[in-house]
Amino acid sequence: MILDPFKMLYAIERKRDLSESFNQARARLSREVWDRFSIGCDSGPLSKVGVAWQPISQQWAQRLLECFASSEMVALRREDYVDGYLSNLSAPIINYLNTVNEYRAVTPDLLTTLGKFLADHESQISQWINHSWRASSIRPFNLRPTNVAGSRHLDGWPPAIRKMFILPGGASPETGTTWFRLRNGDELLFDHPRPCLLIFENSVVEHGLVSGHAPRPTSELDIVPARKTITEPFYPGLNGWYPWFPEKNKLHHLSAVLRKGLRSAT
Ligand SMILES: [Fe+2]
């Protein structure tokens, strides 16, 4: 039997951290490759202030709430991601996310519904970001009412990867929402209590969780640049966020990471 070194590497990483030199080399090369892949992506209306939204229909809101109702509660777990994906490996961050979010399982019904939703809203999303895209991950959750104060931060991802929230009950200070520092310097406390779709540049505009007093249903999707738009979302596990490398020949990139990591370790 031939052992695949990359599969072995990911199997190890599910249980414990890899060496710092490998992690740094992978993060550096990932950013370089994504930045090259994303040339020209900073040009749509979203790039003006970094946040865009639109109302969605009551029918869509109802359909999404039905999916939530039939989906069981689950916890975000370190090992729940597919090979080749960036994941949250820090126990304090995973604990924090499980404290503020009550995660739901991604059922086949929810996956199909989100695909239809994205197909229905494709032209709006494409108009906002002005390039081809696909959804690289899905996390359904109820934002819990808590007293936890969210830090104001940037996510530190390649800037052309954006976060999208589908909010069947809207988002407001009552249900919990997000504070933003827009690209033009203005502050925005998102306050739209009706069903809506929100997209923001999570690594360009500072943002922070504002907790509320009632659970807030949310489908969180990460939107990545793509060679052509694919509205069928990909589910890489609850703890999978985006692929380290955008192209199909990931082995080539990982080989380069290994070489760099080994060089800097010796
Ligand atoms: Fe964030």
# chains A, B, ... in the order shown; residues from 1 in each chain; ligands from 1
>>> residues_near_ligand(ligand="ligand 1", cutoff="10 Å", atoms="only C-alpha atoms and all ligand atoms", output="list of chain:residue names")
A:Gly150, A:Ser151, A:Arg152, A:His153, A:Leu154, A:Asp155, A:Gly156, A:Trp157, A:Lys163, A:Thr178, A:Glu201, A:Asn202, A:Ser203, A:Val205, A:Glu206, A:His207, A:Gly208, A:Leu209
>>> select_by_dssp(residues="region 73-171 of chain A", states="strand (DSSP E or B)", output="JSON, numbers by chain")
{"A": [73, 85, 101, 102, 103, 104, 133, 134, 135, 136, 137, 138, 139, 140, 141, 142, 143, 153, 162, 163, 164, 165, 166, 167, 171]}
>>> write_last_selection(atoms="C-alpha atoms", output="mmCIF file, in the first residue's frame")
data_model
loop_
_atom_site.group_PDB
_atom_site.id
_atom_site.type_symbol
_atom_site.label_atom_id
_atom_site.label_comp_id
_atom_site.auth_asym_id
_atom_site.auth_seq_id
_atom_site.Cartn_x
_atom_site.Cartn_y
_atom_site.Cartn_z
ATOM 1 C CA MET A 73 -27.791 20.920 17.333
ATOM 2 C CA TYR A 85 -9.004 23.415 4.124
ATOM 3 C CA ASN A 101 -23.122 30.092 18.377
ATOM 4 C CA GLU A 102 -25.478 27.140 18.686
ATOM 5 C CA TYR A 103 -24.440 25.244 15.549
ATOM 6 C CA ARG A 104 -26.838 23.152 13.468
ATOM 7 C CA TRP A 133 -17.442 33.112 -7.170
ATOM 8 C CA ARG A 134 -18.457 30.019 -5.280
ATOM 9 C CA ALA A 135 -19.408 29.227 -1.669
ATOM 10 C CA SER A 136 -16.515 27.315 -0.086
ATOM 11 C CA SER A 137 -18.160 26.572 3.259
ATOM 12 C CA ILE A 138 -21.388 26.590 5.264
ATOM 13 C CA ARG A 139 -22.070 27.072 8.950
ATOM 14 C CA PRO A 140 -25.691 27.230 10.116
ATOM 15 C CA PHE A 141 -26.187 28.458 13.672
ATOM 16 C CA ASN A 142 -28.361 30.372 16.053
ATOM 17 C CA LEU A 143 -26.420 33.271 17.477
ATOM 18 C CA HIS A 153 -11.037 42.550 14.541
ATOM 19 C CA ARG A 162 -15.776 37.431 1.884
ATOM 20 C CA LYS A 163 -18.267 36.352 4.491
ATOM 21 C CA MET A 164 -21.979 36.157 3.797
ATOM 22 C CA PHE A 165 -24.812 35.843 6.313
ATOM 23 C CA ILE A 166 -28.295 34.734 5.271
ATOM 24 C CA LEU A 167 -30.521 36.071 8.053
ATOM 25 C CA ALA A 171 -30.171 41.111 12.537
#
>>> atom_distance(atom1="CA of Gly185 (chain A)", atom2="CA of Ala226 (chain A)")
29.4 Å
>>> residues_around(residues="Pro173 (chain A)", least_positions_apart="6", cutoff="8 Å", atoms="only C-alpha atoms", output="ChimeraX atom specification")
/A:191,210-212
>>> select_by_dssp(residues="region 10-246 of chain A", states="alpha helix (DSSP H)", output="count of residues only")
71
>>> closest_atom_pairs(of="region 169-244 of chain A", to="region 65-71 of chain A", cutoff="12 Å", atoms="only C-alpha atoms", output="Markdown table")
| residue | atom | partner | partner_atom | distance |
| --- | --- | --- | --- | --- |
| A:Gly169 | CA | A:Leu65 | CA | 8.7 |
| A:Gly170 | CA | A:Leu65 | CA | 11.9 |
| A:Pro195 | CA | A:Leu65 | CA | 10.8 |
| A:Arg216 | CA | A:Leu65 | CA | 10.7 |
| A:Pro217 | CA | A:Leu65 | CA | 7.6 |
| A:Thr218 | CA | A:Phe68 | CA | 9.3 |
| A:Ser219 | CA | A:Phe68 | CA | 9.4 |
>>> write_last_selection(atoms="N, CA and C atoms", output="JSON list (two decimals), in the first residue's frame")
[["chain", "number", "residue", "atom", "x", "y", "z"],
["A", 169, "GLY", "N", -34.36, 36.00, 9.98],
["A", 169, "GLY", "CA", -35.07, 36.89, 10.92],
["A", 169, "GLY", "C", -34.40, 38.25, 11.01],
["A", 170, "GLY", "N", -33.53, 38.56, 10.07],
["A", 170, "GLY", "CA", -32.79, 39.81, 10.10],
["A", 170, "GLY", "C", -31.74, 39.80, 11.21],
["A", 195, "PRO", "N", -36.04, 39.81, 7.18],
["A", 195, "PRO", "CA", -35.17, 38.83, 6.50],
["A", 195, "PRO", "C", -34.24, 39.51, 5.50],
["A", 216, "ARG", "N", -30.58, 34.19, 17.12],
["A", 216, "ARG", "CA", -30.69, 34.72, 15.75],
["A", 216, "ARG", "C", -30.25, 33.66, 14.75],
["A", 217, "PRO", "N", -31.20, 33.10, 13.98],
["A", 217, "PRO", "CA", -30.80, 32.11, 12.97],
["A", 217, "PRO", "C", -29.92, 32.74, 11.88],
["A", 218, "THR", "N", -28.87, 32.01, 11.54],
["A", 218, "THR", "CA", -27.89, 32.53, 10.57],
["A", 218, "THR", "C", -27.35, 31.37, 9.73],
["A", 219, "SER", "N", -27.28, 31.55, 8.44],
["A", 219, "SER", "CA", -26.48, 30.64, 7.62],
["A", 219, "SER", "C", -25.28, 31.43, 7.15]]
>>> residues_around(residues="Gly50 (chain A)", least_positions_apart="4", cutoff="8 Å", atoms="only C-alpha atoms", output="VMD selection string")
chain A and resid 46 182 to 183 200 to 201 204 to 205
>>> write_last_selection(atoms="N, CA and C atoms", output="mmCIF file, in the first residue's frame")
data_model
loop_
_atom_site.group_PDB
_atom_site.id
_atom_site.type_symbol
_atom_site.label_atom_id
_atom_site.label_comp_id
_atom_site.auth_asym_id
_atom_site.auth_seq_id
_atom_site.Cartn_x
_atom_site.Cartn_y
_atom_site.Cartn_z
ATOM 1 N N LEU A 46 -19.176 46.327 -3.637
ATOM 2 C CA LEU A 46 -18.831 45.971 -2.253
ATOM 3 C C LEU A 46 -17.517 46.622 -1.829
ATOM 4 N N LEU A 182 -16.498 50.827 8.405
ATOM 5 C CA LEU A 182 -16.514 50.732 6.948
ATOM 6 C C LEU A 182 -15.194 51.235 6.349
ATOM 7 N N ARG A 183 -15.008 50.962 5.073
ATOM 8 C CA ARG A 183 -13.775 51.402 4.400
ATOM 9 C C ARG A 183 -13.621 52.921 4.436
ATOM 10 N N PHE A 200 -19.917 40.883 3.685
ATOM 11 C CA PHE A 200 -18.935 41.876 4.113
ATOM 12 C C PHE A 200 -17.509 41.368 3.907
ATOM 13 N N GLU A 201 -16.615 42.332 3.813
ATOM 14 C CA GLU A 201 -15.192 42.033 3.598
ATOM 15 C C GLU A 201 -14.556 41.807 4.969
ATOM 16 N N VAL A 204 -11.063 43.048 5.516
ATOM 17 C CA VAL A 204 -10.773 44.430 5.099
ATOM 18 C C VAL A 204 -11.430 45.419 6.049
ATOM 19 N N VAL A 205 -12.666 45.155 6.455
ATOM 20 C CA VAL A 205 -13.353 46.067 7.383
ATOM 21 C C VAL A 205 -13.380 45.425 8.774
#
>>> residues_around(residues="Leu111 (chain A)", least_positions_apart="5", cutoff="9 Å", atoms="only C-alpha atoms", output="JSON, numbers by chain")
{"A": [106, 116, 138, 232, 233, 234, 235]}
>>> closest_residue(among="A:Leu86, A:Ala27, A:Ala160, A:Ala119", to="Thr231 (chain A)", atoms="only C-alpha atoms")
A:Ala119
>>> atom_distance(atom1="CA of Val100 (chain A)", atom2="CA of Ile129 (chain A)")
28.8 Å
>>> closest_residue(among="A:Gly84, A:Glu174, A:Arg63, A:Leu76", to="Ser30 (chain A)", atoms="only C-alpha atoms")
A:Gly84
>>> residues_around(residues="Gly237 (chain A)", least_positions_apart="2", cutoff="6 Å", atoms="only C-alpha atoms", output="PyMOL selection string")
chain A and resi 80-81+235+239-240
>>> write_last_selection(atoms="C-alpha atoms", output="PDB file, in the first residue's frame")
ATOM      1  CA  ASP A  80     -14.460  18.411  11.328  1.00  0.00           C
ATOM      2  CA  TYR A  81     -12.963  19.616   8.020  1.00  0.00           C
ATOM      3  CA  TYR A 235     -19.704  21.716   2.491  1.00  0.00           C
ATOM      4  CA  ASN A 239     -14.715  23.572  10.795  1.00  0.00           C
ATOM      5  CA  GLY A 240     -13.668  23.939   7.155  1.00  0.00           C
TER       6      GLY A 240
END
>>> atom_distance(atom1="CA of Ile199 (chain A)", atom2="CA of Trp128 (chain A)")
8.7 Å
>>> residues_around(residues="Gln58 (chain A)", least_positions_apart="2", cutoff="8 Å", atoms="only C-alpha atoms", output="PyMOL selection string")
chain A and resi 56+60-62+168+195
>>> closest_residue(among="A:Asp222, A:Ala52, A:Gly115, A:Ser21", to="Phe190 (chain A)", atoms="only C-alpha atoms")
A:Ala52
